[in-house]
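Asks: Here's a structure for you.
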Amino acid sequence: MTQFGFGAVTLEHENTGRPDSDTVDATLAASGDASAFERLYRHHVPRIYSLVRRMVNDDDADEITQDVFVRAWQKLGTFRGEAAFGTWLHRLAVNVILARRETLGTRRKRFLEGDAVLEFLPARKAGPELAMDFESAMERLPDGAREIFVLHDVEGYRHEEIAEMLGLATGTSKSQLHRARLALRRHLER
Amino acid sequence: MSDPWMERLSDYLEDDMPAAERLALEAHLETCRDCSVVVSDLRRVMNRARQMDERQPHRDLWPGIAKRIGATSAGAQPIRRRWSFSSPQLAAAAVLLMTFSGSTVWLMRSAGSLPADGPIAATAPPPATVTAVNVRRNAAENYAAAVEDLERVLSAGRGQLDTTTVRVIEQNLAVIDQAIAQAQRALLADPANLYLNTHLAETMRRKLDLLRQAATLVPVS
Ligand SMILES: [Zn+2]
């Protein structure tokens, strides 16, 4: 007999029973609605800009943030609504940042071996005027250790994902993260 | 740092350690003050990292983005007017169905799989000059008429189909009808929702496809 190829048809989306407004705006934006895309921008720019600032740590942050959203606009057709829009955008942002940093002129040595990461940050001095807060200390980590720290501890990516994104061995991601944490513990606000 | 356990403290905190080693480390932590201080600090670092504030850019980056994607600047008209649907939602979804198929040719034009002398006449596409409202009504009427005709074919031919086939068709129709009802309910709360409208149109298309497939099984009498 004839088989009818109809899968289960359902509207349920992440237990809300309703598609979220991001998904709707993404669908509208994919059809060319720039005002829907502006809503997505307003909603997500703090998270994306913060990610860029922490990953890139220089005056290019504004431009790279704009690059992320321009790229998102171009790629909206590939957003299928399977993951949350924010997750999709975040991953796209990481890719843009990683591609972009390669072209960013002179860079500090990306990965410092062993305890060199620890020595990179000046020790927290007793005087408050010399104290460096946690976030500034994080920004002064060597690039490689900082990227891993941001992606893992701030943004919640797994070592396997980070290793793939950065083209590293998982063990390198783990050991650099450990070094970064050891360095930063000196800069915890007491 | 000669204490070899010091290297493993992040693994320990991430629960990335074999059970036996974990037990050994926990025993070590009972006696090694250096390691327990570091474990406590690393925990605080990890918590601190999760509590980072989000920052807004110092200036509005949207105008620059809008320019690069070819949109007018903030607050101005969008590139394409937002869909605005009026009830009935069936009509709206039918319009979407046409729009999304990338053609103004109505689905029934492709009902070639039906028996040639079947009761369904191909419906001409609406002229390009008709107003949007008329297109909507026509599309909805076409859809309703097509479904009705196919249901009549099936109903008449039901006795000539084996019971398993009939059951499969009916089960599938029930699933699809349920999805259509669900979409229509959701649209009552949010009529302009493009996702829902698209979903409804897609589900309606499935129903039509299913009915068309089923109708081809009915022997021409
Ligand atoms: Zn120890």
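Chain labels A, B, ... are given in the sequence in which chains occur in the structure tokens; within each chain residues are numbered consecutively from 1, and ligands are likewise numbered from 1 in the order shown.
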Could you name the residues that touch Leu76 of chain A at 7 Å or less, counting only C-alpha atoms, but leaving out those on the same chain fewer than 4 positions away, as a PyMOL selection string?
Replies: chain A and resi 26+30+72
Asks: Residues contacting ligand 1 - anything with an atom at most 7 Å away, using only C-alpha atoms and all ligand atoms - can you give me those as a ChimeraX atom specification?
Replies: /B:3,5-6,28-29,32-35
Asks: Residues as selected, C-alpha atoms, written as a compact mmCIF listing (two decimals), in the first residue's frame, can you do that?
Replies:
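The resulting again_15.txt:
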```txt
# COMPACT_ATOMS: atom_id res chain seq x y z
CA ASP B 3 52.66 19.99 44.19
CA TRP B 5 47.83 18.07 42.47
CA MET B 6 47.89 21.80 41.84
CA HIS B 28 44.93 15.23 49.67
CA LEU B 29 42.78 18.32 50.14
CA CYS B 32 47.17 20.28 51.89
CA ARG B 33 46.26 23.83 52.76
CA ASP B 34 47.76 25.29 49.54
CA CYS B 35 45.56 23.14 47.36
```
Asks: If you measure from atom CA of Pro63 of chain B to atom CA of Ala83 of chain A, what distance in Å do you get, rounded to one decimal?
Replies: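 Rounded to one decimal, the two atoms are 27.9 Å apart.
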Asks: When you count only C-alpha atoms, which of these residues is closest to Glu155 of chain A: B:Leu200, B:Leu25, B:Leu208, B:Met46?
Replies: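 Smallest distance to Glu155 of chain A is found for B:Met46.
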Asks: In Å to one decimal, how far is atom CA of Val24 of chain A from atom CA of Gly156 of chain A?
Replies: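 It comes out at 25.9 Å.
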Asks: Could you check the closest approach to chain A for each of B:Arg185, B:Arg50, B:Arg152, B:Arg43 and tell me which residue wins, using only C-alpha atoms?
Replies: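 So, comparing all the options, the nearest one is B:Arg50.
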Asks: Rounded to one decimal in Å, what is the spacing between atom CA of Ala169 of chain A and atom CA of Glu147 of chain A?
Replies: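 According to the coordinates, atom CA of Ala169 of chain A and atom CA of Glu147 of chain A are separated by 14.5 Å.
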Asks: When you look at Leu168 of chain A with a cut-off of 12 Å (counting only C-alpha atoms), what residues show up, excluding the ones that are within fewer than 5 positions of it in the same chain? I need them as a VMD selection string.
Replies: chain A and resid 110 to 111 144 to 145 148 159 to 163 173 to 176
Asks: I need the residue nearest Tyr49 of chain A from this list: B:Leu61, B:Ala146, B:Ile169, B:Met17. Use only C-alpha atoms for the distance.
Replies: B:Leu61
